[in-house]
file upload.cif (mmCIF, C-alpha atoms)
data_protein
#
loop_
_atom_site.label_atom_id
_atom_site.label_comp_id
_atom_site.auth_asym_id
_atom_site.auth_seq_id
_atom_site.Cartn_x
_atom_site.Cartn_y
_atom_site.Cartn_z
CA MET A 225 88.19 111.72 51.25
CA ALA A 226 87.34 109.12 48.63
CA LEU A 227 83.84 110.28 47.70
CA ILE A 228 82.17 113.69 47.46
CA ARG A 229 78.43 114.06 46.88
CA ILE A 230 77.54 117.02 44.67
CA ASN A 231 74.16 118.10 43.27
CA ALA A 232 73.07 120.44 40.53
CA ARG A 233 70.71 123.20 41.58
CA GLY A 234 69.78 124.69 38.26
CA GLN A 235 73.08 125.65 36.63
CA THR A 236 74.95 125.74 39.95
CA ALA A 237 76.77 122.91 41.74
CA GLU A 238 76.53 122.51 45.51
CA LEU A 239 77.40 119.91 48.12
CA HIS A 240 74.71 117.39 48.97
CA GLY A 241 73.32 117.97 52.46
CA SER A 242 75.91 120.56 53.44
CA PRO A 243 76.13 124.37 53.28
CA ALA A 244 79.95 124.22 53.10
CA PRO A 245 81.54 125.93 50.09
CA LEU A 246 82.17 123.46 47.31
CA GLU A 247 85.39 124.99 45.98
CA SER A 248 87.33 124.81 49.24
CA LEU A 249 86.28 121.19 49.81
CA LEU A 250 87.35 120.20 46.30
CA GLN A 251 90.72 121.86 46.80
CA ARG A 252 91.32 119.76 49.93
CA ALA A 253 89.89 116.55 48.46
CA THR A 254 91.96 116.56 45.28
CA ALA A 255 95.25 116.17 47.13
CA GLY A 256 96.79 112.76 46.51
CA ASP A 257 97.08 110.33 43.64
CA GLY A 258 94.63 108.56 41.38
CA PRO A 259 91.99 109.68 38.90
CA VAL A 260 88.88 111.74 39.42
CA ILE A 261 85.81 109.74 38.38
CA VAL A 262 82.46 111.51 38.07
CA MET A 263 79.40 109.21 38.34
CA ILE A 264 76.04 110.41 36.96
CA HIS A 265 72.73 108.63 37.48
CA GLY A 266 69.90 108.53 34.96
CA TYR A 267 66.17 109.12 34.76
CA ASN A 268 63.76 109.29 37.71
CA TYR A 269 66.27 109.95 40.49
CA ARG A 270 66.10 113.06 42.67
CA PRO A 271 68.68 114.01 45.31
CA GLY A 272 67.06 114.06 48.73
CA GLY A 273 64.01 112.06 47.63
CA ARG A 274 62.75 109.49 50.13
CA SER A 275 62.55 106.67 47.59
CA ASN A 276 64.74 107.85 44.71
CA CYS A 277 67.80 109.64 46.11
CA PRO A 278 70.84 108.50 44.10
CA HIS A 279 73.13 109.18 47.07
CA ARG A 280 71.34 106.44 49.01
CA HIS A 281 71.22 104.08 46.05
CA LEU A 282 73.67 103.35 43.23
CA LEU A 283 75.95 106.34 44.00
CA SER A 284 76.38 105.25 47.63
CA LEU A 285 79.17 103.16 49.10
CA GLU A 286 76.43 101.21 50.91
CA PRO A 287 73.31 101.22 48.69
CA ALA A 288 69.88 100.91 50.29
CA HIS A 289 66.86 99.17 48.75
CA LEU A 290 65.07 101.99 46.88
CA PRO A 291 63.09 99.82 46.03
CA TRP A 292 65.73 97.45 44.59
CA ARG A 293 69.32 96.97 45.69
CA ALA A 294 71.72 98.44 43.16
CA PRO A 295 75.44 97.67 43.07
CA SER A 296 77.57 100.43 44.55
CA TRP A 297 79.15 102.29 41.66
CA PRO A 298 81.78 103.99 43.87
CA ARG A 299 82.89 100.78 45.55
CA GLN A 300 82.92 98.72 42.34
CA LEU A 301 84.91 101.48 40.61
CA GLY A 302 87.56 101.37 43.32
CA PHE A 303 86.56 103.89 45.99
CA GLY A 304 86.15 103.42 49.73
CA LEU A 305 88.72 100.62 49.88
CA GLY A 306 91.39 102.57 51.77
CA HIS A 307 93.99 102.52 49.01
CA ALA A 308 96.37 105.47 48.78
CA ASP A 309 95.88 105.84 45.02
CA GLU A 310 92.08 105.65 44.98
CA GLY A 311 91.73 109.18 43.70
CA LEU A 312 88.48 111.08 44.07
CA GLY A 313 84.98 109.88 43.31
CA ILE A 314 82.28 112.46 42.63
CA ALA A 315 78.69 111.29 42.97
CA PHE A 316 76.80 113.83 40.90
CA GLY A 317 73.06 114.14 41.50
CA TRP A 318 70.44 116.07 39.56
CA ASN A 319 66.65 116.18 39.46
CA ALA A 320 65.83 113.66 36.73
CA CYS A 321 62.11 113.42 37.49
CA GLY A 322 59.13 114.60 35.45
CA THR A 323 58.44 113.80 31.82
CA LEU A 324 61.31 112.78 29.58
CA ARG A 325 61.27 116.22 27.95
CA GLN A 326 61.37 117.93 31.32
CA ALA A 327 64.22 115.73 32.52
CA GLN A 328 66.09 116.29 29.26
CA ALA A 329 65.87 120.07 29.77
CA THR A 330 67.01 119.73 33.38
CA ALA A 331 69.96 117.61 32.21
CA ALA A 332 71.21 120.48 30.05
CA ARG A 333 71.26 122.84 33.05
CA ALA A 334 72.87 120.14 35.21
CA GLY A 335 75.58 119.75 32.57
CA GLN A 336 76.50 123.40 32.98
CA ALA A 337 76.71 122.90 36.76
CA LEU A 338 78.96 119.86 36.30
CA ALA A 339 81.16 121.84 33.91
CA GLN A 340 81.90 124.27 36.76
CA VAL A 341 83.12 121.38 38.90
CA CYS A 342 85.26 119.84 36.17
CA ALA A 343 86.70 123.22 35.16
CA LEU A 344 87.82 123.79 38.76
CA LEU A 345 89.40 120.34 38.92
CA HIS A 346 91.20 120.95 35.64
CA ARG A 347 92.56 124.30 36.81
CA GLN A 348 93.85 122.77 40.04
CA ASP A 349 95.78 120.03 38.26
CA PRO A 350 95.62 119.95 34.44
CA ARG A 351 97.61 116.70 34.37
CA ARG A 352 95.20 114.75 36.54
CA PRO A 353 92.66 112.76 34.51
CA VAL A 354 88.96 113.47 35.05
CA HIS A 355 86.71 110.68 33.75
CA VAL A 356 82.92 110.42 33.60
CA ILE A 357 80.55 107.46 33.69
CA GLY A 358 76.81 107.93 33.31
CA HIS A 359 73.64 105.95 32.74
CA SER A 360 70.66 106.79 30.54
CA LEU A 361 69.82 110.53 30.65
CA GLY A 362 72.95 111.10 32.70
CA ILE A 363 74.79 111.11 29.39
CA GLU A 364 72.85 114.22 28.37
CA VAL A 365 74.45 115.87 31.42
CA ALA A 366 77.92 114.74 30.33
CA LEU A 367 77.48 115.85 26.72
CA GLU A 368 76.26 119.32 27.72
CA MET A 369 79.25 119.63 30.03
CA LEU A 370 81.65 119.27 27.07
CA HIS A 371 80.31 122.50 25.53
CA HIS A 372 81.60 124.51 28.51
CA LEU A 373 85.08 123.06 29.08
CA PRO A 374 88.51 123.60 27.52
CA GLN A 375 90.53 121.06 25.60
CA GLY A 376 91.97 118.30 27.77
CA ALA A 377 89.57 118.79 30.69
CA ILE A 378 87.97 115.34 30.33
CA GLY A 379 89.66 112.00 29.72
CA ARG A 380 87.10 109.25 29.12
CA ILE A 381 83.32 109.18 29.11
CA ILE A 382 81.57 105.83 29.48
CA SER A 383 77.94 105.91 28.34
CA LEU A 384 75.79 103.14 29.85
CA PHE A 385 72.73 102.77 27.60
CA GLY A 386 72.92 106.51 27.07
CA ALA A 387 69.69 108.39 26.35
CA SER A 388 70.91 110.88 23.80
CA PHE A 389 70.80 111.38 20.04
CA GLN A 390 73.52 110.66 17.51
CA SER A 391 73.64 114.24 16.24
CA ARG A 392 73.73 115.66 19.77
CA THR A 393 76.63 113.35 20.62
CA ALA A 394 78.52 114.19 17.43
CA THR A 395 78.20 117.93 18.13
CA ALA A 396 79.44 117.54 21.71
CA LEU A 397 82.40 115.41 20.60
CA ASP A 398 83.32 118.15 18.11
CA THR A 399 83.90 120.73 20.86
CA PRO A 400 87.45 121.39 22.15
CA ALA A 401 86.82 119.26 25.25
CA GLY A 402 84.98 116.64 23.21
CA ARG A 403 87.73 116.21 20.61
CA SER A 404 90.33 115.53 23.30
CA ALA A 405 88.11 113.07 25.20
CA GLU A 406 87.34 109.42 24.47
CA PHE A 407 83.73 108.22 24.30
CA ILE A 408 82.92 104.57 25.04
CA ASN A 409 79.32 103.82 24.08
CA ILE A 410 77.94 100.74 25.89
CA THR A 411 74.82 99.42 24.17
CA SER A 412 72.57 96.36 23.98
CA ARG A 413 69.38 95.50 22.15
CA GLU A 414 67.96 94.84 25.64
CA ASN A 415 67.52 98.62 25.77
CA ASP A 416 65.53 98.90 22.52
CA PRO A 417 62.15 99.76 24.12
CA PHE A 418 63.74 102.57 26.11
CA ASP A 419 65.53 103.98 23.05
CA PHE A 420 62.24 103.77 21.15
CA LEU A 421 60.37 105.74 23.83
CA PHE A 422 63.19 108.28 24.12
CA GLU A 423 63.05 109.00 20.40
CA ARG A 424 59.28 109.52 20.48
CA LEU A 425 58.81 111.34 23.78
CA THR A 426 61.57 113.92 23.31
CA ARG A 427 62.24 116.41 20.53
CA LEU A 428 64.40 115.12 17.67
CA PRO A 429 67.38 117.45 17.07
CA THR A 430 67.33 116.64 13.35
CA ARG A 431 64.92 114.78 11.09
CA GLY A 432 65.62 111.04 11.07
CA ASP A 433 67.91 111.20 14.09
CA HIS A 434 68.38 108.11 16.27
CA ALA A 435 69.38 107.33 19.83
CA ILE A 436 73.02 106.38 20.37
CA GLY A 437 71.93 102.80 20.95
CA HIS A 438 72.35 102.65 17.17
CA GLY A 439 76.01 103.64 17.51
CA VAL A 440 78.24 106.70 17.50
CA SER A 441 80.44 107.70 14.57
CA ALA A 442 83.52 109.61 15.70
CA ALA A 443 87.25 109.03 15.54
CA ASN A 444 87.46 109.17 19.34
CA ALA A 445 84.47 106.90 20.04
CA VAL A 446 83.74 103.18 20.12
CA THR A 447 80.41 101.38 20.47
CA LEU A 448 80.45 98.12 22.42
CA PRO A 449 77.20 96.10 22.21
CA LEU A 450 77.25 93.87 25.28
CA ASP A 451 74.66 91.51 23.82
CA ASP A 452 76.90 90.67 20.85
CA ALA A 453 78.66 87.30 21.16
CA ASP A 454 81.72 88.40 19.17
CA THR A 455 82.08 91.56 21.26
CA LEU A 456 81.98 89.59 24.51
CA SER A 457 84.42 87.04 23.08
CA HIS A 458 86.95 89.72 22.13
CA LEU A 459 86.65 91.42 25.52
CA ARG A 460 87.25 88.06 27.16
CA THR A 461 90.53 87.70 25.23
CA LEU A 462 91.54 91.08 26.68
CA GLY A 463 90.86 89.76 30.19
CA TYR A 464 87.38 91.19 30.73
CA ALA A 465 84.84 88.45 31.35
CA ILE A 466 81.28 89.79 31.17
CA ALA A 467 78.26 87.56 31.66
CA GLN A 468 75.92 86.81 28.78
CA PRO A 469 72.70 88.89 28.74
CA GLN A 470 69.88 87.28 30.70
CA HIS A 471 66.96 89.48 29.61
CA ARG A 472 65.18 90.42 26.44
CA ILE A 473 64.34 93.85 27.89
CA CYS A 474 66.41 95.60 30.55
CA HIS A 475 67.47 99.23 31.06
CA TRP A 476 69.96 98.50 33.86
CA SER A 477 72.00 95.49 32.74
CA SER A 478 74.82 97.78 31.57
CA PHE A 479 75.85 97.94 35.24
CA THR A 480 74.00 95.08 36.95
CA ARG A 481 75.30 92.26 34.74
CA PRO A 482 78.24 90.44 36.38
CA GLY A 483 81.59 91.66 35.11
CA THR A 484 80.43 95.03 33.75
CA LEU A 485 81.54 97.33 36.56
CA ARG A 486 84.83 95.47 36.84
CA PHE A 487 85.37 96.20 33.13
CA TYR A 488 84.55 99.90 33.56
CA ARG A 489 86.91 100.13 36.54
CA HIS A 490 89.78 99.00 34.30
CA LEU A 491 88.73 101.36 31.50
CA LEU A 492 88.84 104.33 33.87
CA ARG A 493 91.78 103.39 36.10
CA GLN A 494 94.10 101.82 33.50
CA PRO A 495 93.17 103.61 30.25
CA GLN A 496 96.70 103.11 28.92
CA GLU A 497 96.01 99.35 28.88
CA THR A 498 92.80 99.74 26.87
CA PRO A 499 93.43 102.30 24.11
CA LEU A 500 90.52 102.66 21.71
CA GLN A 501 92.39 100.84 18.96
CA ARG A 502 92.57 97.80 21.25
CA LEU A 503 88.80 97.95 21.80
CA ARG A 504 87.82 98.52 18.16
CA PRO A 505 88.05 94.83 17.16
CA ALA A 506 85.23 94.24 19.66
CA CYS A 507 82.96 96.58 17.68
CA PRO A 508 80.82 94.78 15.08
CA PRO A 509 80.84 96.31 11.57
CA ARG A 510 77.17 97.24 11.94
CA SER A 511 74.65 97.36 14.77
CA ALA A 512 72.09 94.60 15.09
CA ARG A 513 68.62 95.61 13.99
CA ARG A 514 66.26 97.08 16.56
CA TRP A 515 63.99 94.50 18.22
CA SER A 516 66.29 91.68 17.06
CA ARG A 517 66.79 90.53 20.63
CA LEU A 518 63.14 90.81 21.62
CA PHE A 519 62.06 88.31 18.97
CA ALA A 520 65.15 86.08 18.91
CA LEU A 521 65.23 82.57 20.31
CA ARG A 522 66.79 82.58 23.76
CA PRO A 523 70.18 80.81 23.70
CA PHE A 524 71.64 78.95 26.64
CA ALA A 525 74.08 81.15 28.56
CA ALA A 526 76.71 79.55 30.77
CA PRO A 527 77.15 81.29 34.14
CA LEU A 528 80.16 83.52 34.67
CA PRO A 529 82.84 82.12 37.00
CA ALA A 530 82.40 83.43 40.54
CA TRP A 531 85.75 85.27 40.54
CA HIS A 532 84.60 87.44 37.64
CA GLN A 533 81.21 88.42 39.08
CA LEU A 534 82.26 91.88 40.27
#

call {"tool": "encode", "arguments": {"input": "upload.cif", "output": "structure tokens"}}
result
Amino acid sequence: MALIRINARGQTAELHGSPAPLESLLQRATAGDGPVIVMIHGYNYRPGGRSNCPHRHLLSLEPAHLPWRAPSWPRQLGFGLGHADEGLGIAFGWNACGTLRQAQATAARAGQALAQVCALLHRQDPRRPVHVIGHSLGIEVALEMLHHLPQGAIGRIISLFGASFQSRTATALDTPAGRSAEFINITSRENDPFDFLFERLTRLPTRGDHAIGHGVSAANAVTLPLDDADTLSHLRTLGYAIAQPQHRICHWSSFTRPGTLRFYRHLLRQPQETPLQRLRPACPPRSARRWSRLFALRPFAAPLPAWHQL
């Protein structure tokens, strides 16, 4: 079984669309080789919703138009291909609807539910890596999860335009599970309007706090701005060709831009080939100023070769 669909109901995890006990299914599904990769959607999705169910959209092996066609995260990350070493994909759904504050509060409860799943996986096989990739408010789920897990339970976390605060992230990465994990912060000034709204429509943890689109400072974290020419150039020398940004404003280009999901697949499936020290030269010394992309002249961007557009 390459993919399991799990939802958070409050602080409890349950199978999507099935009354079967979660624990017994996980015990059967974790047999075999390969990593466990947990995929978490962001704001405005709701499991079971007619037009916004993540299990019919980006967390599906065959995404439907709801209302736009998203790339399949599981398939692009290496699941559903019939390989013996695929590992286990977990599509994790939670009710991310309502106001931003409401969704932020729900994310904290969903993080506790996800921690139950990851704790079970870690107990079953402490040597097997469990990685997490999440978009937008899905990173709030992942950060809350770290507060309820032991050291070594999580390998890598990839944050795609994460909607969380710098202080909140620093606190989570200072937990036992957080200190032993690696945090890869994918950013772009394309996301500036969404970071701006997040900072003003949710409660600041500390005065003067900022969204992690401004960067994350931790020994086990890197921030990769995918609208920075030098960052893209360095990643290309490592073998990861990612298309130039095509938009001034976009909240989804962290996974819709050609080459991005292929890059994340390598980060999660071959982490030994991309240690953080190998990625650090791709990090600029300081983040570009907010709104710098919105008001910049639009440069010409050559298309990505077809063989890299996955």

call {"tool": "closest_residue", "arguments": {"input": "upload.cif", "among": "A:Arg252, A:Arg293, A:Arg270, A:His490", "to": "A:Leu312", "atoms": "only C-alpha atoms"}}
result
A:Arg252

call {"tool": "closest_residue", "arguments": {"input": "upload.cif", "among": "A:Leu448, A:Ala377, A:Leu492, A:Leu344", "to": "A:Gly311", "atoms": "only C-alpha atoms"}}
result
A:Leu492

call {"tool": "residues_around", "arguments": {"input": "upload.cif", "residues": "A:Leu450", "least_positions_apart": "5", "cutoff": "7 Å", "atoms": "all atoms listed in the file", "output": "PyMOL selection string"}}
result
chain A and resi 410-412+455-456

call {"tool": "atom_distance", "arguments": {"input": "upload.cif", "atom1": "atom CA of A:Arg413", "atom2": "atom CA of A:Leu285"}}
result
29.7 Å

call {"tool": "resolve_selection", "arguments": {"input": "upload.cif", "expression": "the PyMOL selection byres ((chain A and resi 236-245) around 8)", "output": "list of chain:residue names"}}
result
A:Ile228, A:Arg229, A:Ile230, A:Asn231, A:Ala232, A:Arg233, A:Gly234, A:Gln235, A:Leu246, A:Glu247, A:Ser248, A:Leu249, A:Pro271, A:Ala334, A:Gln336, A:Ala337, A:Leu338, A:Gln340, A:Val341

call {"tool": "atom_distance", "arguments": {"input": "upload.cif", "atom1": "atom CA of A:Ala401", "atom2": "atom CA of A:Ile378"}}
result
6.5 Å

call {"tool": "closest_residue", "arguments": {"input": "upload.cif", "among": "A:Glu364, A:Glu414, A:Asp349, A:Glu497", "to": "A:Arg333", "atoms": "only C-alpha atoms"}}
result
A:Glu364

call {"tool": "resolve_selection", "arguments": {"input": "upload.cif", "expression": "the PyMOL selection byres ((chain A and resi 471) around 10)", "output": "ChimeraX atom specification"}}
result
/A:413-415,451,468-470,472-475,477,517-518,522

call {"tool": "residues_around", "arguments": {"input": "upload.cif", "residues": "A:Gly335", "least_positions_apart": "6", "cutoff": "8 Å", "atoms": "all atoms listed in the file", "output": "ChimeraX atom specification"}}
result
/A:235,364-369

call {"tool": "resolve_selection", "arguments": {"input": "upload.cif", "expression": "the PyMOL selection byres ((chain A and resi 259) around 6)", "output": "PDB file with C-alpha atoms, in the coordinates of the input"}}
result
ATOM      1  CA  GLY A 258      94.630 108.560  41.380  1.00  0.00           C
ATOM      2  CA  VAL A 260      88.880 111.740  39.420  1.00  0.00           C
ATOM      3  CA  GLY A 311      91.730 109.180  43.700  1.00  0.00           C
ATOM      4  CA  PRO A 353      92.660 112.760  34.510  1.00  0.00           C
TER       5      PRO A 353
END

call {"tool": "atom_distance", "arguments": {"input": "upload.cif", "atom1": "atom CA of A:Trp318", "atom2": "atom CA of A:His281"}}
result
13.7 Å

call {"tool": "residues_around", "arguments": {"input": "upload.cif", "residues": "A:Gly322", "least_positions_apart": "6", "cutoff": "10 Å", "atoms": "all atoms listed in the file", "output": "PyMOL selection string"}}
result
chain A and resi 267-269+328+330

call {"tool": "closest_residue", "arguments": {"input": "upload.cif", "among": "A:Ser511, A:Ser284, A:Asn319, A:Ser296", "to": "A:Gly272", "atoms": "all atoms listed in the file"}}
result
A:Asn319

call {"tool": "closest_residue", "arguments": {"input": "upload.cif", "among": "A:Phe303, A:Phe316, A:Trp292, A:Phe407", "to": "A:Leu503", "atoms": "only C-alpha atoms"}}
result
A:Phe407

call {"tool": "closest_residue", "arguments": {"input": "upload.cif", "among": "A:Val354, A:Ala320, A:Val262, A:Cys277", "to": "A:His289", "atoms": "all atoms listed in the file"}}
result
A:Cys277

call {"tool": "residues_around", "arguments": {"input": "upload.cif", "residues": "A:Ala435", "least_positions_apart": "6", "cutoff": "6 Å", "atoms": "all atoms listed in the file", "output": "count of residues only"}}
result
3

call {"tool": "decode", "arguments": {"input": "upload.cif", "residues": "stretch 438-450 of chain A", "atoms": "N, CA and C atoms", "output": "compact mmCIF listing (two decimals), in the first residue's frame"}}
result
# COMPACT_ATOMS: atom_id res chain seq x y z
N HIS A 438 10.42 35.57 5.72
CA HIS A 438 11.60 36.40 5.96
C HIS A 438 12.81 35.58 6.35
N GLY A 439 12.65 34.26 6.50
CA GLY A 439 13.77 33.40 6.84
C GLY A 439 13.62 32.76 8.20
N VAL A 440 14.42 31.73 8.42
CA VAL A 440 14.45 30.99 9.68
C VAL A 440 15.90 30.89 10.13
N SER A 441 16.16 31.26 11.38
CA SER A 441 17.52 31.19 11.92
C SER A 441 17.62 30.02 12.88
N ALA A 442 18.26 28.96 12.44
CA ALA A 442 18.50 27.78 13.27
C ALA A 442 19.62 26.99 12.64
N ALA A 443 20.39 26.30 13.47
CA ALA A 443 21.52 25.54 12.96
C ALA A 443 21.08 24.41 12.04
N ASN A 444 19.86 23.91 12.24
CA ASN A 444 19.36 22.79 11.45
C ASN A 444 18.30 23.24 10.45
N ALA A 445 18.42 24.48 9.96
CA ALA A 445 17.46 25.01 8.99
C ALA A 445 18.18 25.76 7.88
N VAL A 446 17.60 25.72 6.69
CA VAL A 446 18.05 26.55 5.57
C VAL A 446 16.82 27.20 4.94
N THR A 447 17.01 28.40 4.40
CA THR A 447 15.95 29.10 3.68
C THR A 447 16.37 29.24 2.23
N LEU A 448 15.56 28.70 1.33
CA LEU A 448 15.85 28.72 -0.10
C LEU A 448 14.82 29.58 -0.82
N PRO A 449 15.16 30.81 -1.21
CA PRO A 449 14.22 31.66 -1.94
C PRO A 449 14.23 31.30 -3.43
N LEU A 450 13.16 30.71 -3.90
CA LEU A 450 13.13 30.21 -5.27
C LEU A 450 12.85 31.29 -6.31
